[in-house]
Amino acid sequence: MIDTLLYQILLVPVVAAAGIVLGLLYKGIDRVLAARMQARVGPPVTQPFRDVKKLLIKENIVPENAVKWLFSLMPVIALSASIVILLYLPLGGMGPLLHGHGDLILVLYMLIFPSLALVLGGFASGSPYATVGAQREMVTMLSYEFPLAITAVSIAWLLSIANPGLAVFSLGIISGNPVWSLVGPAGFAGLALLFVTLLLVMPGELGSVPFDVAEAETEIAAGVLVEYSGRNLALFYLADAVKTIVLGAIVIALFLPWGISGPLGLPGMMGTLADGLFFLVKLFGVIFAGSIFIRVAVARLRITQVVKAYWGYATLIALIGLLLISIDIVLW
Amino acid sequence: MSKVKPGTGRKACSSDSFTLSIGPVHPALKEPVRFNCEILGEKVTRVDFELSQVHRGIEWIGTRRNPVQILYLAERICGICNISHSLAFCRAVESVAGIEVPARAQYIRTIIAELERIHSHILWAGIAAHEIGFDSVLHYTWRVRERVLDIIEYLTGNRITKAMLMIGGVRRDIAEKQYPRIREAMNYYNRYFDKLKKIFLADPIIKARTRDTGILSKADGLGLCVVGPTARASGIKKDVRQDEPYAAYPDLDVRAITPDEITGEIRGDVYDRIAVRLLEVRQSAKMIEKCLRQMPAGKIAYEEKVPKLLADLRGAEGEGIGRHEAPRGEVFHYVKMVGEASPFSWKVRAPTYNNLLSWIPMLLGEQIADIPIVAASTDPCMSCTNRAVITDSGERKVLGQDMLHKLSVRKTSELRRRLGK
């Protein structure tokens with residue numbers, strides 16, 4: 001018991017640091033790849049690290065008419081909440097660090113925290129741009145929660161039918177039982193649709209094009225973040241980087257949980273290492289499909305269109321997925 | 001309805017409307033103008049804008065220079081429309097001095113002006129894509145634009161500010177051996193027209209953002225005297241090249257392009273404005289090809305020696321106007337000469353001036369998200385437009401009609417006295 005606790009306490013800073021470094025690295029890769037797809041050269045991969053370094057030495061300005069404590073607190077909450085979610089997720093060969101202390105439901109709730117921090121920070125900045133941005137962030141949040149919830153619940157439901165008596169919301173259990181092997185053709189199609197839904201939710205969660213309405217640079221000049229600068233902006237930036245990893249890890253845990261140590265027959269440390277590397281590859285694949293590719297391929301939507309896209313199309317896709325899975329279960 | 005001033009945004013989440021001011025410095029605006037919008041939720045319920053943030057007094061400087069020197073100034077009224085302004089100015093001075101421009105020079109002027117239009121429209125298309133967050137299209141269109149800049153550099157020695165025109169003609173000839181490269185570039189644009197059309201007119205998200213956004217009805221357009229692609233997109237078949245052909249345009253049989261040629265209907269929205277500009281790129285490319293085929297031989301300037309030209313111009317007396325269909329619409333220059341080295345008066349009216357007020361009917365009822373793309377859809381050029389600013393010990397004042405009338409009466413009597421009438 002004490003050993004486990006010690007192990008957890010020691011690993012928390014490691015996971016946090018890894019989350020931040022990986023998040024920034026993936027941001028760098030994102031920028032280079034997006035640039036190449038747009039026929040540009042793009043910055044070096046290390047650019048996000050330099051950006052953070054620069055922001056940390058810049059002046060941290062708090063507007064006069066801001067609610068100062070709220071304004072300064074929110075970046076900290078955003079980053080810490082993003083890191084805490086990471087502790088609940090299975091990462092590569094490693095099970096969730098806080099296994100048994102929280103499950104998928106908790107993670108879904110925790111996911112609201114960084115967005116909520118943005119909203120509150122925006123309202124607290126006392127700028128009309130930030131206010132518009134905060135309202136939009138709130139509406140976006142409300143829009144993507146529903147398809148996200150359908151996806152999570154469908155997976156858990158499928159697992160509970162297949163393995164009665166399991167703690168089906170536990171992420172350790174979900175990633176231990178790949179859902180694809182539990183279903184027939186109809187269910188497979190259903191799961192594929194849910195997978196697509198989750199990839200559609202990703203840009204909304206990350207606030208990237210086409211769902212970057214809350215920060216829309218050309219409309220409301222970075223919206224919620226308009227008044228943030230220096231250290232506070234760096235914290236939001238890091239929170240965003242970590243959240244990218246978090247979302248990738250959730251998608252992997254739900255839909256792509258396989259490791260390669262088993263098939264390759266690698267034992268012990270080698271196996272863990274191989275799984276870890278394979279996890280990074282999967283993470284790249286998910287982030288590429290759910291964020292980089294989408295953001296390069298489309299334009300920004302209006303807020304009304306964002307709501308329609310999530311409540312209409314994404315929810316519809318998710319519901320059809322759920323329906324196909326239920327048909328599969330009934331037939332099975 | 002209470003008004004919340006900018007900076008007190010926290011109250012904005014109530015059901016009351018609030019004021020959102022966009023500009024004069026804002027990422028969506030390439031030049032300073034300030035929009036004051038009354039917003040209810042995300043909807044624009046009232047809109048007004050403030051100009052005169054980039055007045056440079058160019059006309060005043062011009063009345064202290066000779067016409068050839070003014071050409072340099074005219075080229076710098078606007079970065080993109082440098083040929084448009086200098087062409088309009090040349091035409092105004094030529095009409096005062098009764099100078100006839102040789103046919104070959106007319107053709108070269110036309111080619112350069114149309115190259116400028118291709119450049120301007122493609123540049124605009126990229127900006128429009130950027131305004132709706134489609135940066136990939138921005139980079140793509142600007143890469144396509146490089147080709148025309150290469151040609152402009154090849155012909156004039158400069159990429160943007162072409163310095164090609166001279167009163168009574170042009171400065172540089174286009175040699176026969178340069179034709180193939182121009183033709184090749186025009187083929188490139190003919191080929192890429194389909195691709196640009198697919199990108200801008202078939203993309204579902206661009207369509208969702210621009211269809212039925214910022215509608216300007218034909219009646220409103222006529223009432224507000226809009227010009228250029230903004231007018232044509234609303235179905236007003238208006239084009240100086242068609243209505244009052246000049247330069248080589250009489251030989252080219254230009255007709256005003258309306259969006260129904262490609263979409264089958266006229267709605268006067270942002271989408272239609274994109275369609276018109278894309279069609280005009282193709283039209284310009286075809287016109288340049290035709291110019292190259294028909295180009296007559298001969299002189300390229302009425303008088304190549306500048307001192308002699310200036311001596312001729314010094315003797316000129318009278319008023320003249322020069323009109324040209326710039327990429328944004330009709331540009332208008334008025335020049336009055338009284339037999340002195342520099343003109344007595346020079347007045348510029350840029351197309352954006354006519355198109356500004358169309359923002360109000362376009363923006364009313366739209367969302368905040370539409371303000372940048374709708375404002376950009378008229379392709380506004382503030383530096384062109386800003387012709388006056390009233391300052392009084394550093395403070396800005398707004399003058400009413402009475403005061404303006406009084407001031408103009410005073411100015412007129414002053415001018416009369418100076419003229420000795």
# chains A, B, ... in the order shown; residues from 1 in each chain; ligands from 1
>>> interface_residues(of="chain A", to="chain B", cutoff="10 Å", atoms="only C-alpha atoms", output="ChimeraX atom specification")
/A:34-35,37-40,63-67,122-132,134-136,209-210,212-213,216-222,295-305
>>> residues_around(residues="stretch 340-347 of chain B", least_positions_apart="2", cutoff="8 Å", atoms="only C-alpha atoms", output="list in words")
Glu59, Gly62, Thr63, Arg64, Arg65, Asn66, Pro67, Leu310, Leu313, Arg314, Gly315, Ala316, His333, Tyr334, Val335, Lys336, Met337, Val338 and Arg349 of chain B
>>> residues_around(residues="B:Arg232", least_positions_apart="6", cutoff="7 Å", atoms="only C-alpha atoms", output="PyMOL selection string")
chain B and resi 238+257-258
>>> atom_distance(atom1="atom CA of A:Ile245", atom2="atom CA of A:Gly259")
17.7 Å
>>> residues_around(residues="A:Gly204", least_positions_apart="3", cutoff="9 Å", atoms="only C-alpha atoms", output="NGL selection string")
:A and (140-141 or 143-144 or 200-201 or 207-212 or 306)
>>> write_last_selection(atoms="all heavy atoms", output="mmCIF file, in the first residue's frame")
data_model
loop_
_atom_site.group_PDB
_atom_site.id
_atom_site.type_symbol
_atom_site.label_atom_id
_atom_site.label_comp_id
_atom_site.auth_asym_id
_atom_site.auth_seq_id
_atom_site.Cartn_x
_atom_site.Cartn_y
_atom_site.Cartn_z
ATOM 1 N N THR A 140 -19.841 26.338 -27.369
ATOM 2 C CA THR A 140 -19.132 25.228 -28.017
ATOM 3 C C THR A 140 -19.063 24.030 -27.080
ATOM 4 O O THR A 140 -19.317 22.888 -27.463
ATOM 5 C CB THR A 140 -17.701 25.657 -28.395
ATOM 6 O OG1 THR A 140 -17.756 26.925 -29.000
ATOM 7 C CG2 THR A 140 -17.064 24.664 -29.329
ATOM 8 N N MET A 141 -18.743 24.334 -25.801
ATOM 9 C CA MET A 141 -18.620 23.284 -24.792
ATOM 10 C C MET A 141 -19.926 22.512 -24.665
ATOM 11 O O MET A 141 -19.945 21.282 -24.675
ATOM 12 C CB MET A 141 -18.313 23.972 -23.472
ATOM 13 C CG MET A 141 -17.428 23.224 -22.555
ATOM 14 S SD MET A 141 -16.716 24.418 -21.423
ATOM 15 C CE MET A 141 -18.063 24.718 -20.318
ATOM 16 N N SER A 143 -22.117 22.224 -26.829
ATOM 17 C CA SER A 143 -22.466 21.517 -28.062
ATOM 18 C C SER A 143 -21.766 20.171 -28.164
ATOM 19 O O SER A 143 -22.374 19.184 -28.540
ATOM 20 C CB SER A 143 -22.099 22.351 -29.286
ATOM 21 O OG SER A 143 -22.429 23.682 -29.082
ATOM 22 N N TYR A 144 -20.453 20.136 -27.854
ATOM 23 C CA TYR A 144 -19.758 18.871 -28.109
ATOM 24 C C TYR A 144 -19.921 17.874 -26.976
ATOM 25 O O TYR A 144 -19.551 16.717 -27.128
ATOM 26 C CB TYR A 144 -18.295 19.090 -28.492
ATOM 27 C CG TYR A 144 -17.402 19.724 -27.449
ATOM 28 C CD1 TYR A 144 -17.107 19.071 -26.262
ATOM 29 C CD2 TYR A 144 -16.805 20.965 -27.670
ATOM 30 C CE1 TYR A 144 -16.276 19.643 -25.323
ATOM 31 C CE2 TYR A 144 -15.976 21.542 -26.736
ATOM 32 C CZ TYR A 144 -15.714 20.873 -25.558
ATOM 33 O OH TYR A 144 -14.906 21.442 -24.638
ATOM 34 N N LEU A 200 -14.285 14.062 -34.360
ATOM 35 C CA LEU A 200 -14.921 15.360 -34.636
ATOM 36 C C LEU A 200 -14.983 16.219 -33.380
ATOM 37 O O LEU A 200 -14.945 17.448 -33.450
ATOM 38 C CB LEU A 200 -16.339 15.153 -35.171
ATOM 39 C CG LEU A 200 -16.480 14.677 -36.607
ATOM 40 C CD1 LEU A 200 -17.943 14.473 -36.953
ATOM 41 C CD2 LEU A 200 -15.864 15.693 -37.547
ATOM 42 N N VAL A 201 -15.114 15.570 -32.230
ATOM 43 C CA VAL A 201 -15.174 16.327 -30.980
ATOM 44 C C VAL A 201 -13.810 16.927 -30.654
ATOM 45 O O VAL A 201 -13.716 18.000 -30.065
ATOM 46 C CB VAL A 201 -15.677 15.420 -29.830
ATOM 47 C CG1 VAL A 201 -15.491 16.094 -28.488
ATOM 48 C CG2 VAL A 201 -17.142 15.068 -30.047
ATOM 49 N N GLY A 207 -10.286 23.622 -29.503
ATOM 50 C CA GLY A 207 -10.484 24.975 -30.020
ATOM 51 C C GLY A 207 -9.651 25.228 -31.266
ATOM 52 O O GLY A 207 -9.027 26.268 -31.408
ATOM 53 N N SER A 208 -9.623 24.252 -32.178
ATOM 54 C CA SER A 208 -8.898 24.512 -33.426
ATOM 55 C C SER A 208 -9.909 24.604 -34.565
ATOM 56 O O SER A 208 -11.060 24.206 -34.419
ATOM 57 C CB SER A 208 -7.865 23.409 -33.684
ATOM 58 O OG SER A 208 -8.479 22.170 -33.902
ATOM 59 N N VAL A 209 -9.466 25.138 -35.712
ATOM 60 C CA VAL A 209 -10.334 25.292 -36.883
ATOM 61 C C VAL A 209 -10.943 23.937 -37.222
ATOM 62 O O VAL A 209 -10.246 22.940 -37.182
ATOM 63 C CB VAL A 209 -9.491 25.816 -38.077
ATOM 64 C CG1 VAL A 209 -10.314 25.904 -39.331
ATOM 65 C CG2 VAL A 209 -8.884 27.163 -37.730
ATOM 66 N N PRO A 210 -12.219 23.807 -37.544
ATOM 67 C CA PRO A 210 -13.212 24.863 -37.785
ATOM 68 C C PRO A 210 -13.975 25.320 -36.536
ATOM 69 O O PRO A 210 -14.906 26.086 -36.649
ATOM 70 C CB PRO A 210 -14.174 24.163 -38.738
ATOM 71 C CG PRO A 210 -14.148 22.730 -38.316
ATOM 72 C CD PRO A 210 -12.755 22.468 -37.846
ATOM 73 N N PHE A 211 -13.570 24.815 -35.367
ATOM 74 C CA PHE A 211 -14.342 25.148 -34.165
ATOM 75 C C PHE A 211 -13.593 26.138 -33.272
ATOM 76 O O PHE A 211 -13.765 26.141 -32.064
ATOM 77 C CB PHE A 211 -14.660 23.871 -33.396
ATOM 78 C CG PHE A 211 -15.391 22.849 -34.225
ATOM 79 C CD1 PHE A 211 -14.810 21.635 -34.526
ATOM 80 C CD2 PHE A 211 -16.648 23.120 -34.714
ATOM 81 C CE1 PHE A 211 -15.484 20.699 -35.304
ATOM 82 C CE2 PHE A 211 -17.330 22.191 -35.494
ATOM 83 C CZ PHE A 211 -16.740 20.982 -35.791
ATOM 84 N N ASP A 212 -12.721 26.960 -33.856
ATOM 85 C CA ASP A 212 -11.945 27.888 -33.030
ATOM 86 C C ASP A 212 -12.681 29.206 -32.825
ATOM 87 O O ASP A 212 -12.071 30.255 -32.689
ATOM 88 C CB ASP A 212 -10.577 28.137 -33.660
ATOM 89 C CG ASP A 212 -10.664 28.882 -34.980
ATOM 90 O OD1 ASP A 212 -11.697 28.727 -35.651
ATOM 91 O OD2 ASP A 212 -9.733 29.611 -35.324
ATOM 92 N N VAL A 306 -21.471 25.913 -35.576
ATOM 93 C CA VAL A 306 -20.795 24.976 -34.679
ATOM 94 C C VAL A 306 -21.836 24.168 -33.912
ATOM 95 O O VAL A 306 -21.753 22.936 -33.822
ATOM 96 C CB VAL A 306 -19.877 25.740 -33.697
ATOM 97 C CG1 VAL A 306 -19.390 24.823 -32.589
ATOM 98 C CG2 VAL A 306 -18.694 26.339 -34.424
#
>>> closest_residue(among="B:Ile83, B:Val54, B:Ala350, B:Ala97", to="B:Gly318", atoms="only C-alpha atoms")
B:Ala97
>>> atom_distance(atom1="atom CA of B:Gly228", atom2="atom CA of B:Pro327")
7.1 Å
>>> residues_around(residues="B:Ile236", least_positions_apart="6", cutoff="8 Å", atoms="only C-alpha atoms", output="list in words")
Lys218, Gly221, Leu222 and Thr258 of chain B
>>> closest_residue(among="B:Val226, B:Ile167, B:Cys37, B:Ile122", to="B:Asp312", atoms="only C-alpha atoms")
B:Ile167
>>> atom_distance(atom1="atom CA of B:Ala233", atom2="atom CA of B:Ala275")
7.9 Å
>>> select_by_dssp(residues="stretch 133-264 of chain B", states="alpha helix (DSSP H)", output="ChimeraX atom specification")
/B:135-156,179-197,204-210,218-223,228-233,240-243,249-252,260-263
>>> residues_around(residues="A:Glu59", least_positions_apart="2", cutoff="9 Å", atoms="only C-alpha atoms", output="JSON, numbers by chain")
{"A": [55, 56, 57, 61, 229, 230, 231]}
>>> write_last_selection(atoms="C-alpha atoms", output="PDB file, in the first residue's frame")
ATOM      1  CA  LEU A  55       6.195  34.189 -22.899  1.00  0.00           C
ATOM      2  CA  LEU A  56       7.653  33.328 -19.487  1.00  0.00           C
ATOM      3  CA  ILE A  57      10.119  36.209 -19.606  1.00  0.00           C
ATOM      4  CA  ILE A  61      -0.252  42.266 -17.780  1.00  0.00           C
ATOM      5  CA  SER A 229      -0.018  37.868 -21.834  1.00  0.00           C
ATOM      6  CA  GLY A 230       3.283  36.685 -20.401  1.00  0.00           C
ATOM      7  CA  ARG A 231       3.166  33.937 -17.806  1.00  0.00           C
TER       8      ARG A 231
END
>>> decode(residues="stretch 152-171 of chain A", atoms="N, CA, C and O atoms", output="compact mmCIF listing (two decimals), in the first residue's frame")
# COMPACT_ATOMS: atom_id res chain seq x y z
N ALA A 152 -18.91 7.83 -25.13
CA ALA A 152 -18.37 7.18 -23.93
C ALA A 152 -19.35 6.15 -23.39
O ALA A 152 -18.98 5.01 -23.06
N VAL A 153 -20.63 6.55 -23.32
CA VAL A 153 -21.62 5.65 -22.73
C VAL A 153 -21.81 4.41 -23.60
O VAL A 153 -21.93 3.29 -23.09
N SER A 154 -21.79 4.58 -24.93
CA SER A 154 -21.97 3.43 -25.81
C SER A 154 -20.88 2.39 -25.59
O SER A 154 -21.15 1.19 -25.53
N ILE A 155 -19.65 2.87 -25.48
CA ILE A 155 -18.52 1.95 -25.28
C ILE A 155 -18.71 1.17 -23.98
O ILE A 155 -18.59 -0.06 -23.93
N ALA A 156 -19.05 1.92 -22.91
CA ALA A 156 -19.20 1.28 -21.60
C ALA A 156 -20.35 0.27 -21.64
O ALA A 156 -20.25 -0.83 -21.09
N TRP A 157 -21.41 0.65 -22.32
CA TRP A 157 -22.59 -0.22 -22.40
C TRP A 157 -22.24 -1.52 -23.12
O TRP A 157 -22.56 -2.63 -22.68
N LEU A 158 -21.52 -1.35 -24.24
CA LEU A 158 -21.09 -2.52 -25.01
C LEU A 158 -20.24 -3.45 -24.14
O LEU A 158 -20.43 -4.67 -24.14
N LEU A 159 -19.34 -2.84 -23.39
CA LEU A 159 -18.47 -3.64 -22.51
C LEU A 159 -19.28 -4.35 -21.44
O LEU A 159 -19.03 -5.52 -21.11
N SER A 160 -20.28 -3.64 -20.90
CA SER A 160 -21.06 -4.22 -19.80
C SER A 160 -21.89 -5.40 -20.30
O SER A 160 -22.12 -6.36 -19.58
N ILE A 161 -22.35 -5.33 -21.55
CA ILE A 161 -23.11 -6.46 -22.11
C ILE A 161 -22.18 -7.65 -22.31
O ILE A 161 -22.50 -8.79 -22.01
N ALA A 162 -20.97 -7.34 -22.83
CA ALA A 162 -20.03 -8.42 -23.15
C ALA A 162 -19.46 -9.05 -21.89
O ALA A 162 -19.29 -10.26 -21.82
N ASN A 163 -19.13 -8.23 -20.91
CA ASN A 163 -18.54 -8.75 -19.68
C ASN A 163 -19.33 -8.27 -18.47
O ASN A 163 -18.93 -7.29 -17.84
N PRO A 164 -20.43 -8.89 -18.16
CA PRO A 164 -21.20 -8.43 -17.00
C PRO A 164 -20.33 -8.52 -15.74
O PRO A 164 -19.52 -9.43 -15.62
N GLY A 165 -20.51 -7.56 -14.88
CA GLY A 165 -19.78 -7.61 -13.62
C GLY A 165 -18.49 -6.82 -13.63
O GLY A 165 -17.88 -6.62 -12.58
N LEU A 166 -18.06 -6.34 -14.81
CA LEU A 166 -16.85 -5.52 -14.85
C LEU A 166 -17.16 -4.07 -14.48
O LEU A 166 -18.28 -3.61 -14.67
N ALA A 167 -16.13 -3.38 -13.99
CA ALA A 167 -16.28 -1.93 -13.77
C ALA A 167 -16.06 -1.25 -15.12
O ALA A 167 -14.94 -0.86 -15.46
N VAL A 168 -17.14 -1.16 -15.92
CA VAL A 168 -16.97 -0.84 -17.34
C VAL A 168 -16.53 0.59 -17.61
O VAL A 168 -16.09 0.89 -18.71
N PHE A 169 -16.69 1.47 -16.62
CA PHE A 169 -16.26 2.85 -16.88
C PHE A 169 -14.78 3.06 -16.56
O PHE A 169 -14.22 4.10 -16.85
N SER A 170 -14.17 2.07 -15.93
CA SER A 170 -12.76 2.22 -15.58
C SER A 170 -11.92 2.21 -16.86
O SER A 170 -12.05 1.34 -17.71
N LEU A 171 -11.05 3.20 -16.97
CA LEU A 171 -10.26 3.30 -18.20
C LEU A 171 -9.27 2.15 -18.34
O LEU A 171 -8.94 1.74 -19.44
